[in-house]
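Shown next: upload.cif, containing mmCIF, C-alpha atoms.
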data_start
loop_
_atom_site.label_atom_id
_atom_site.label_comp_id
_atom_site.auth_asym_id
_atom_site.auth_seq_id
_atom_site.Cartn_x
_atom_site.Cartn_y
_atom_site.Cartn_z
CA MET A 26 56.30 134.95 76.50
CA SER A 27 54.54 131.64 77.13
CA GLU A 28 50.98 130.38 77.03
CA THR A 29 50.68 131.58 80.63
CA THR A 30 51.26 135.16 79.59
CA ASP A 31 50.75 137.63 82.40
CA LEU A 32 48.20 140.07 81.03
CA ASN A 33 49.18 142.60 83.67
CA GLU A 34 52.72 142.57 82.33
CA LEU A 35 51.48 142.94 78.76
CA TYR A 36 49.21 145.82 79.68
CA SER A 37 52.11 147.53 81.43
CA ILE A 38 54.16 147.26 78.22
CA ILE A 39 51.24 148.61 76.19
CA GLU A 40 50.87 151.57 78.53
CA LYS A 41 54.60 152.40 78.52
CA THR A 42 54.85 152.07 74.73
CA ALA A 43 51.87 154.36 74.25
CA GLN A 44 53.44 157.01 76.48
CA ILE A 45 56.59 156.99 74.33
CA VAL A 46 54.56 158.02 71.26
CA ASP A 47 52.42 160.54 73.19
CA VAL A 48 49.30 158.36 73.35
CA THR A 49 47.28 157.61 76.48
CA SER A 50 46.26 153.97 76.72
CA SER A 51 42.68 153.33 77.84
CA ARG A 52 42.50 150.51 80.36
CA GLU A 53 38.73 150.35 79.80
CA LYS A 54 39.29 149.69 76.07
CA VAL A 55 42.33 147.42 76.26
CA TRP A 56 41.55 145.03 79.12
CA PRO A 57 38.38 143.56 77.57
CA ILE A 58 40.37 142.88 74.39
CA LEU A 59 43.22 141.20 76.25
CA ASN A 60 40.72 139.02 78.10
CA ALA A 61 38.81 138.16 74.92
CA TYR A 62 41.92 136.78 73.18
CA LYS A 63 43.93 135.72 76.23
CA GLU A 64 44.33 132.06 75.24
CA PHE A 65 46.16 133.11 72.06
CA VAL A 66 48.37 135.89 73.40
CA GLY A 67 51.21 133.67 74.56
CA ASN A 68 51.87 132.17 71.12
CA SER A 69 51.00 135.11 68.90
CA VAL A 70 53.25 137.66 67.25
CA ILE A 71 52.64 141.02 68.96
CA SER A 72 53.54 144.33 67.38
CA PHE A 73 52.89 148.01 68.00
CA ARG A 74 52.30 150.43 65.14
CA ALA A 75 52.57 154.21 65.27
CA SER A 76 51.46 156.54 62.49
CA THR A 77 51.77 160.14 61.36
CA GLY A 78 48.42 159.98 59.56
CA SER A 79 44.85 160.17 60.77
CA SER A 80 45.63 157.52 63.40
CA ALA A 81 48.52 159.48 64.94
CA ASP A 82 46.48 159.96 68.10
CA ASP A 83 46.44 156.21 68.77
CA LEU A 84 48.89 153.31 68.95
CA ASP A 85 47.83 150.09 67.26
CA CYS A 86 48.49 146.79 69.01
CA ARG A 87 48.35 143.72 66.81
CA PHE A 88 48.14 140.00 67.58
CA THR A 89 48.89 137.81 64.56
CA MET A 90 49.53 134.12 63.84
CA LEU A 91 46.29 133.14 65.55
CA PRO A 92 45.23 129.59 64.59
CA LYS A 93 43.45 128.41 61.47
CA GLY A 94 39.72 128.11 61.96
CA PHE A 95 39.48 130.81 64.60
CA ASP A 96 37.13 133.74 63.87
CA PRO A 97 38.51 136.86 65.58
CA TYR A 98 35.53 138.97 64.52
CA ALA A 99 33.03 136.54 66.02
CA ARG A 100 35.03 136.66 69.25
CA ALA A 101 34.91 140.47 69.20
CA LEU A 102 31.13 140.37 68.83
CA GLU A 103 30.80 137.83 71.65
CA HIS A 104 32.69 140.17 73.98
CA ASP A 105 30.95 143.36 72.82
CA LEU A 106 34.20 144.81 71.51
CA THR A 107 32.49 146.09 68.36
CA PRO A 108 28.83 146.61 67.45
CA LYS A 109 27.04 144.10 65.25
CA THR A 110 26.24 145.46 61.81
CA ASP A 111 24.24 144.56 58.70
CA HIS A 112 26.91 146.25 56.56
CA PRO A 113 28.90 143.80 54.37
CA VAL A 114 32.00 144.58 56.44
CA GLY A 115 30.42 142.35 59.08
CA SER A 116 30.02 139.29 56.84
CA LEU A 117 33.22 139.47 54.80
CA LEU A 118 35.56 137.68 57.21
CA LYS A 119 33.38 134.56 57.38
CA GLU A 120 33.30 134.42 53.56
CA VAL A 121 37.06 134.85 53.35
CA HIS A 122 37.69 132.02 55.81
CA GLU A 123 35.14 129.67 54.23
CA ASN A 124 36.21 130.17 50.61
CA LEU A 125 39.92 131.01 50.57
CA PRO A 126 43.05 129.06 51.69
CA ILE A 127 43.44 130.89 55.01
CA THR A 128 45.88 129.30 57.48
CA SER A 129 46.09 131.92 60.26
CA CYS A 130 44.55 135.20 61.32
CA GLY A 131 45.01 138.23 63.53
CA VAL A 132 43.36 141.09 65.34
CA ASP A 133 44.17 144.78 65.69
CA PHE A 134 43.13 147.36 68.26
CA GLY A 135 43.96 150.91 69.20
CA VAL A 136 45.17 151.27 72.76
CA ALA A 137 43.04 154.41 73.01
CA GLY A 138 40.22 153.58 70.60
CA GLY A 139 39.66 149.84 71.00
CA PHE A 140 38.97 147.03 68.52
CA THR A 141 39.45 147.95 64.86
CA LYS A 142 40.57 145.20 62.46
CA THR A 143 41.02 141.56 61.60
CA TRP A 144 43.69 139.99 59.39
CA SER A 145 43.53 136.77 57.36
CA PHE A 146 46.63 135.05 55.98
CA PRO A 147 47.06 132.25 53.45
CA SER A 148 50.18 130.12 53.49
CA ALA A 149 53.23 131.45 51.67
CA GLU A 150 52.89 128.49 49.28
CA ASN A 151 49.27 129.19 48.34
CA LEU A 152 48.48 132.87 48.02
CA VAL A 153 45.00 134.17 47.24
CA LYS A 154 43.91 135.18 43.73
CA VAL A 155 41.95 138.37 43.15
CA ASP A 156 39.71 136.37 40.79
CA ASP A 157 38.59 134.36 43.82
CA LEU A 158 38.12 137.41 46.02
CA VAL A 159 35.70 139.04 43.60
CA LYS A 160 33.38 136.01 43.93
CA LEU A 161 32.71 136.78 47.59
CA PRO A 162 29.26 138.39 48.05
CA SER A 163 30.46 140.93 50.64
CA ILE A 164 33.65 142.07 48.90
CA PRO A 165 33.77 145.78 47.97
CA ALA A 166 32.93 146.40 44.31
CA GLY A 167 36.24 148.23 44.02
CA VAL A 168 38.14 144.93 44.02
CA ALA A 169 36.47 143.88 40.76
CA ALA A 170 36.66 147.42 39.41
CA ASN A 171 40.44 147.35 39.79
CA LEU A 172 40.98 143.78 38.58
CA ASP A 173 42.56 144.99 35.33
CA PHE A 174 44.91 147.22 37.35
CA PHE A 175 46.03 144.28 39.51
CA LYS A 176 46.61 142.13 36.41
CA LYS A 177 48.42 144.89 34.54
CA TRP A 178 50.98 145.24 37.33
CA GLY A 179 51.41 141.51 37.93
CA LEU A 180 49.67 141.44 41.31
CA ALA A 181 46.46 139.51 40.71
CA ASP A 182 47.66 136.08 41.88
CA MET A 183 49.64 137.08 44.97
CA VAL A 184 47.31 138.39 47.69
CA SER A 185 49.09 137.50 50.92
CA THR A 186 46.88 139.28 53.45
CA VAL A 187 43.26 140.36 53.65
CA GLY A 188 42.64 143.04 56.25
CA ILE A 189 39.21 144.27 57.32
CA ASP A 190 38.78 147.54 59.22
CA TYR A 191 35.43 147.55 61.01
CA SER A 192 35.71 151.06 62.40
CA LYS A 193 36.49 152.72 59.06
CA ARG A 194 34.65 150.19 56.89
CA THR A 195 37.61 149.65 54.61
CA MET A 196 39.72 146.67 53.60
CA ASN A 197 43.38 146.11 52.73
CA LEU A 198 44.88 143.71 50.22
CA TYR A 199 48.59 142.96 50.55
CA PHE A 200 50.56 141.63 47.60
CA GLY A 201 53.68 139.48 47.43
CA GLY A 202 55.70 137.53 49.94
CA GLY A 203 54.79 134.01 48.90
CA VAL A 204 57.17 131.29 47.80
CA GLY A 205 58.45 132.59 44.47
CA ASP A 206 55.78 135.30 44.40
CA ARG A 207 57.54 138.63 44.35
CA VAL A 208 55.98 141.93 43.43
CA PRO A 209 57.39 142.86 40.00
CA ALA A 210 60.44 145.13 40.24
CA GLU A 211 58.86 147.86 38.09
CA VAL A 212 56.27 148.50 40.82
CA PHE A 213 59.10 149.89 42.98
CA GLU A 214 61.04 151.74 40.27
CA GLU A 215 60.54 155.48 39.84
CA LYS A 216 58.80 155.15 36.49
CA GLY A 217 56.43 152.54 37.87
CA VAL A 218 55.72 154.43 41.10
CA ARG A 219 54.85 157.58 39.18
CA ALA A 220 52.68 155.63 36.73
CA ILE A 221 50.79 153.73 39.44
CA LEU A 222 50.08 156.72 41.65
CA GLY A 223 49.09 158.79 38.63
CA GLU A 224 46.77 156.08 37.35
CA LEU A 225 45.07 155.86 40.75
CA GLY A 226 44.70 159.62 41.13
CA LEU A 227 46.94 159.70 44.20
CA ALA A 228 49.45 162.37 45.17
CA GLU A 229 52.60 162.92 43.14
CA PRO A 230 55.34 160.91 44.87
CA SER A 231 57.81 162.83 46.99
CA ALA A 232 61.54 162.42 46.49
CA GLU A 233 61.55 160.72 49.88
CA LEU A 234 59.00 158.13 48.74
CA LEU A 235 60.94 157.42 45.55
CA ARG A 236 64.14 156.81 47.54
CA PHE A 237 62.22 154.65 49.99
CA CYS A 238 60.70 152.53 47.22
CA GLU A 239 64.17 151.39 46.20
CA ARG A 240 64.20 149.42 49.47
CA SER A 241 60.56 148.27 49.44
CA PHE A 242 59.43 144.65 49.25
CA VAL A 243 55.67 144.86 49.80
CA ILE A 244 52.77 146.95 48.62
CA TYR A 245 49.17 147.05 49.73
CA VAL A 246 46.01 148.86 48.72
CA THR A 247 43.08 150.18 50.72
CA LEU A 248 39.52 150.10 49.39
CA SER A 249 36.10 150.89 50.81
CA TRP A 250 32.50 149.96 50.05
CA ASP A 251 31.72 153.60 49.24
CA SER A 252 33.82 154.02 46.09
CA PRO A 253 35.32 151.83 43.34
CA GLU A 254 38.60 153.69 43.67
CA ILE A 255 41.73 152.56 45.48
CA ASN A 256 42.04 155.26 48.13
CA ARG A 257 45.49 154.41 49.49
CA PHE A 258 48.59 152.75 48.08
CA THR A 259 51.31 151.84 50.57
CA TYR A 260 54.93 150.77 50.13
CA SER A 261 56.68 148.90 52.95
CA VAL A 262 60.20 147.98 54.01
CA MET A 263 61.25 145.37 56.56
CA THR A 264 64.55 146.21 58.24
CA PRO A 265 66.38 145.64 61.54
CA GLU A 266 67.82 149.17 61.28
CA PRO A 267 65.04 151.71 60.62
CA LEU A 268 67.34 154.55 61.62
CA GLY A 269 69.25 153.82 58.40
CA LEU A 270 66.28 154.32 56.08
CA PRO A 271 66.46 157.29 53.64
CA ILE A 272 63.67 159.16 55.41
CA ASP A 273 63.08 161.86 57.99
CA LEU A 274 61.80 160.04 61.05
CA ALA A 275 58.99 161.57 63.07
CA PRO A 276 60.15 162.30 66.64
CA SER A 277 57.67 159.75 68.03
CA PHE A 278 59.09 157.07 65.71
CA ASP A 279 62.62 157.87 66.80
CA ARG A 280 61.62 157.51 70.45
CA LEU A 281 59.85 154.21 69.76
CA ILE A 282 63.00 152.81 68.12
CA ARG A 283 65.44 154.07 70.75
CA ASN A 284 63.37 153.77 73.92
CA ALA A 285 60.95 150.86 73.51
CA PRO A 286 60.25 149.28 76.93
CA TYR A 287 61.04 145.81 75.56
CA ASP A 288 63.97 144.10 73.89
CA THR A 289 64.05 144.52 70.10
CA THR A 290 67.41 142.81 69.57
CA GLY A 291 67.38 140.67 66.44
CA ARG A 292 63.90 141.81 65.43
CA ASN A 293 62.88 143.62 62.30
CA TYR A 294 60.75 146.71 62.03
CA VAL A 295 58.26 147.29 59.24
CA TYR A 296 58.11 150.83 57.89
CA GLY A 297 55.49 152.04 55.45
CA ILE A 298 54.76 155.16 53.44
CA ALA A 299 51.17 155.52 52.27
CA SER A 300 50.13 157.64 49.31
CA THR A 301 46.64 159.17 49.39
CA PRO A 302 44.91 161.77 47.18
CA LYS A 303 45.94 164.42 49.71
CA GLY A 304 49.56 163.40 50.22
CA GLU A 305 51.71 160.90 52.10
CA TYR A 306 51.99 159.71 55.67
CA HIS A 307 54.28 157.28 57.48
CA LYS A 308 53.82 154.20 59.69
CA ILE A 309 56.19 152.05 61.70
CA ALA A 310 55.64 148.68 63.38
CA SER A 311 57.87 147.44 66.20
CA TYR A 312 57.71 143.86 67.48
CA TYR A 313 57.27 143.07 71.15
CA GLN A 314 56.77 139.33 70.70
CA TRP A 315 58.36 137.67 67.69
CA GLN A 316 58.46 134.47 65.69
CA LYS A 317 61.38 134.04 63.31
CA ARG A 318 59.17 132.59 60.57
CA VAL A 319 57.46 135.97 60.21
CA GLU A 320 60.48 137.14 58.24
CA ASN A 321 59.64 134.66 55.50
CA LEU A 322 56.02 135.69 55.19
CA LEU A 323 54.31 138.87 54.09
CA ARG A 324 52.16 139.94 56.97
CA SER A 325 50.03 143.07 57.75
CA ASP A 326 52.57 144.65 59.98
CA SER A 327 52.97 147.96 58.22
#

Whole structure given in structure tokens:
Amino acid sequence: MSETTDLNELYSIIEKTAQIVDVTSSREKVWPILNAYKEFVGNSVISFRASTGSSADDLDCRFTMLPKGFDPYARALEHDLTPKTDHPVGSLLKEVHENLPITSCGVDFGVAGGFTKTWSFPSAENLVKVDDLVKLPSIPAGVAANLDFFKKWGLADMVSTVGIDYSKRTMNLYFGGGVGDRVPAEVFEEKGVRAILGELGLAEPSAELLRFCERSFVIYVTLSWDSPEINRFTYSVMTPEPLGLPIDLAPSFDRLIRNAPYDTTGRNYVYGIASTPKGEYHKIASYYQWQKRVENLLRSDS
């Protein structure tokens, strides 16, 4: 797709992809978003993410690799895609971009529910430190409350993505993926998985999750402003062959892999399993528009 991307063609793909996973795309929600970010669509990475969790009734569409210096949240406010708020969720992105080594960004929306998230990415050579995050006035207190946890597991100096969810008032921190910055192996080993989830008060890992973690390369946590606790811990795998993963695929995921209305040849999928206090749920991201360099970077595609 080029800078002269046909938004009608993109919307058609969105609509067809949503139908495959039993979601009805809302033209009234999606078109204003496509118009708001239209100058970036042609050169962005575009992915679709389906879920078995609380978001199973929607399909997320994500534009990433938007340019340094752009504020996707300010653009959303300008186009009335999300309500203005005095909550710190509304001021965090500006602080992240002004104080951290961010080189690109992204935006996320549900094809049924509308605008939801922004993403901020440092370069792979200069990942963010949790010590710097906790200095931001609008950051959730839970980041500082879990600083010892991040240091204990060797994660504190390798934040590769900051995600902000405006609809749920939560944030995600992704770890690893930089040049030479790999999540320690013990985080993915059975002993480590059990220890981490137990320490966080999350569900006992299933046998499926433990098998899956043997293939994982990325983890991320979800925090809110309402509690100091980490309320979700997610393991992710990037693979060109998701049908070969040691998991039971949801029927909607299987259809998305086999019947996507776009060419996925040579493109990876990102598959994630999230652990919560109540159990586990699965997510899969499929790429419609790709850039090869994404493979070398940890991005919020799970």

Residue among A:Lys154, A:Lys109, A:Lys177, A:His104 lying closest to Asn124 of chain A, counting only C-alpha atoms: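 Using only C-alpha atoms, Asn124 of chain A sits closest to A:Lys154.
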
Result set of the PyMOL selection byres ((chain A and resi 82) around 9) on the coordinates above, as a PyMOL selection string: chain A and resi 46-49+75-81+83-84+137

Given only C-alpha atoms as the counted atoms, nearest of A:Thr195, A:Thr290, A:Ser231, A:Ser261 to Ser249 of chain A: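 Residue with the minimum atom-to-atom distance to Ser249 of chain A: A:Thr195.
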
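Across A:Thr259, A:Ser311, A:Thr301, A:Asn197, the tightest approach to Asp279 of chain A is made by A:Ser311 when counting only C-alpha atoms.
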
Residues selected by the PyMOL selection byres ((chain A and resi 141) around 6), written as a ChimeraX atom specification: /A:133-134,140,142,190-192

Those residues with C-alpha atoms, as a CSV table (one decimal), keeping the file's coordinate frame please?
chain,number,residue,atom,x,y,z
A,133,ASP,CA,44.2,144.8,65.7
A,134,PHE,CA,43.1,147.4,68.3
A,140,PHE,CA,39.0,147.0,68.5
A,142,LYS,CA,40.6,145.2,62.5
A,190,ASP,CA,38.8,147.5,59.2
A,191,TYR,CA,35.4,147.6,61.0
A,192,SER,CA,35.7,151.1,62.4

The PyMOL selection byres ((chain A and resi 61) around 8) applied to the shown file, residues as a PyMOL selection string: chain A and resi 57-60+62-63+100-101+104

Pick from A:Trp56, A:Phe213, A:Trp250, A:Tyr199 nearest to Leu117 of chain A, counting only C-alpha atoms: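 Result for the nearest residue to Leu117 of chain A: A:Trp250.
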
Residues within 9 Å of (55.4, 155.1, 74.6), counting only C-alpha atoms, listed as a ChimeraX atom specification: /A:38-49,84,277,280-281,284-286

Selection: 9 Å around Leu225 of chain A, all atoms listed in the file, excl. self and same-chain fewer than 4 positions, as a count of residues only: 8

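Interatomic distance, atom CA of Asp251 of chain A against atom CA of Leu106 of chain A: 24.1 Å.
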
12 Å contact set for Leu180 of chain A, all atoms listed in the file, chain neighbours under 6 positions out, as a VMD selection string: chain A and resid 152 to 156 171 to 174 198 to 203 206 to 212 243 to 246

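Across the model, the gap from atom CA of Gly188 of chain A to atom CA of Asp105 of chain A is 20.3 Å.
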
Atom CA of Arg74 of chain A to atom CA of Ile309 of chain A, distance in Å rounded to a single decimal: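 Pair atom CA of Arg74 of chain A / atom CA of Ile309 of chain A returns 5.4 Å.
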
Of the listed residues A:Ile71, A:Ile127, A:Val218, A:Ile298, that which approaches Ile272 of chain A most closely, counting only C-alpha atoms: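 Closest to Ile272 of chain A, using only C-alpha atoms: A:Ile298.
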
Pick from A:Val295, A:Val132, A:Leu234, A:Ala228 nearest to Tyr312 of chain A, counting all atoms listed in the file: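 Nearest to Tyr312 of chain A: A:Val295.
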
Near-Gly94 of chain A list (10 Å; only C-alpha atoms; drop same-chain fewer than 5 positions) as a PyMOL selection string: chain A and resi 122-123+127-130

Export, as a PDB file, in the coordinates of the input, the selected residues with C-alpha atoms.
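Below is the file that was written, out_35.pdb:
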ATOM      1  CA  HIS A 122      37.690 132.020  55.810  1.00  0.00           C
ATOM      2  CA  GLU A 123      35.140 129.670  54.230  1.00  0.00           C
ATOM      3  CA  ILE A 127      43.440 130.890  55.010  1.00  0.00           C
ATOM      4  CA  THR A 128      45.880 129.300  57.480  1.00  0.00           C
ATOM      5  CA  SER A 129      46.090 131.920  60.260  1.00  0.00           C
ATOM      6  CA  CYS A 130      44.550 135.200  61.320  1.00  0.00           C
TER       7      CYS A 130
END

Nearby residues (all atoms listed in the file) at most 9 Å from Val187 of chain A, same-chain spacing under 5 positions excluded, as a list in words: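 Contacts, in chain order: Leu118, Val121, Thr143, Trp144, Ser145, Phe146, Pro147, Met196, Asn197, Leu198, Tyr199 and Ser325 of chain A.
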
Export of prior selection with C-alpha atoms as a compact mmCIF listing (two decimals), in the frame of the given file:
# COMPACT_ATOMS: atom_id res chain seq x y z
CA LEU A 118 35.56 137.68 57.21
CA VAL A 121 37.06 134.85 53.35
CA THR A 143 41.02 141.56 61.60
CA TRP A 144 43.69 139.99 59.39
CA SER A 145 43.53 136.77 57.36
CA PHE A 146 46.63 135.05 55.98
CA PRO A 147 47.06 132.25 53.45
CA MET A 196 39.72 146.67 53.60
CA ASN A 197 43.38 146.11 52.73
CA LEU A 198 44.88 143.71 50.22
CA TYR A 199 48.59 142.96 50.55
CA SER A 325 50.03 143.07 57.75

Could you rebuild segment 112-128 of chain A with N, CA, C and O atoms and give me the result as a compact mmCIF listing (two decimals), in the frame of the given file?
# COMPACT_ATOMS: atom_id res chain seq x y z
N HIS A 112 26.04 145.84 57.66
CA HIS A 112 26.91 146.25 56.56
C HIS A 112 27.75 145.04 56.12
O HIS A 112 28.10 144.18 56.95
N PRO A 113 28.10 144.94 54.84
CA PRO A 113 28.90 143.80 54.37
C PRO A 113 30.25 143.66 55.05
O PRO A 113 30.84 142.58 55.02
N VAL A 114 30.75 144.71 55.69
CA VAL A 114 32.00 144.58 56.44
C VAL A 114 31.87 143.50 57.52
O VAL A 114 32.85 142.84 57.88
N GLY A 115 30.63 143.31 58.02
CA GLY A 115 30.42 142.35 59.08
C GLY A 115 30.33 140.90 58.63
O GLY A 115 30.46 139.99 59.45
N SER A 116 30.13 140.66 57.35
CA SER A 116 30.02 139.29 56.84
C SER A 116 31.22 138.86 56.01
O SER A 116 31.35 137.68 55.67
N LEU A 117 32.12 139.78 55.70
CA LEU A 117 33.22 139.47 54.80
C LEU A 117 34.19 138.45 55.38
O LEU A 117 34.63 137.53 54.68
N LEU A 118 34.55 138.58 56.65
CA LEU A 118 35.56 137.68 57.21
C LEU A 118 35.12 136.22 57.12
O LEU A 118 35.92 135.34 56.75
N LYS A 119 33.87 135.94 57.45
CA LYS A 119 33.38 134.56 57.38
C LYS A 119 33.51 134.02 55.96
O LYS A 119 33.92 132.87 55.74
N GLU A 120 33.18 134.84 54.96
CA GLU A 120 33.30 134.42 53.56
C GLU A 120 34.74 134.17 53.17
O GLU A 120 35.05 133.20 52.46
N VAL A 121 35.63 135.03 53.63
CA VAL A 121 37.06 134.85 53.35
C VAL A 121 37.55 133.52 53.92
O VAL A 121 38.22 132.74 53.23
N HIS A 122 37.19 133.23 55.16
CA HIS A 122 37.69 132.02 55.81
C HIS A 122 37.04 130.75 55.25
O HIS A 122 37.66 129.69 55.26
N GLU A 123 35.82 130.85 54.76
CA GLU A 123 35.14 129.67 54.23
C GLU A 123 35.52 129.36 52.79
O GLU A 123 35.39 128.21 52.35
N ASN A 124 36.01 130.35 52.04
CA ASN A 124 36.21 130.17 50.61
C ASN A 124 37.65 130.32 50.13
O ASN A 124 37.93 130.00 48.97
N LEU A 125 38.54 130.77 50.99
CA LEU A 125 39.92 131.01 50.57
C LEU A 125 40.87 130.18 51.44
O LEU A 125 40.51 129.77 52.55
N PRO A 126 42.11 129.95 50.96
CA PRO A 126 43.05 129.06 51.69
C PRO A 126 43.73 129.76 52.87
O PRO A 126 44.95 129.94 52.91
N ILE A 127 42.93 130.16 53.85
CA ILE A 127 43.44 130.89 55.01
C ILE A 127 44.02 129.91 56.03
O ILE A 127 43.39 128.92 56.38
N THR A 128 45.22 130.20 56.52
CA THR A 128 45.88 129.30 57.48
C THR A 128 46.10 129.94 58.85
O THR A 128 46.41 129.23 59.81
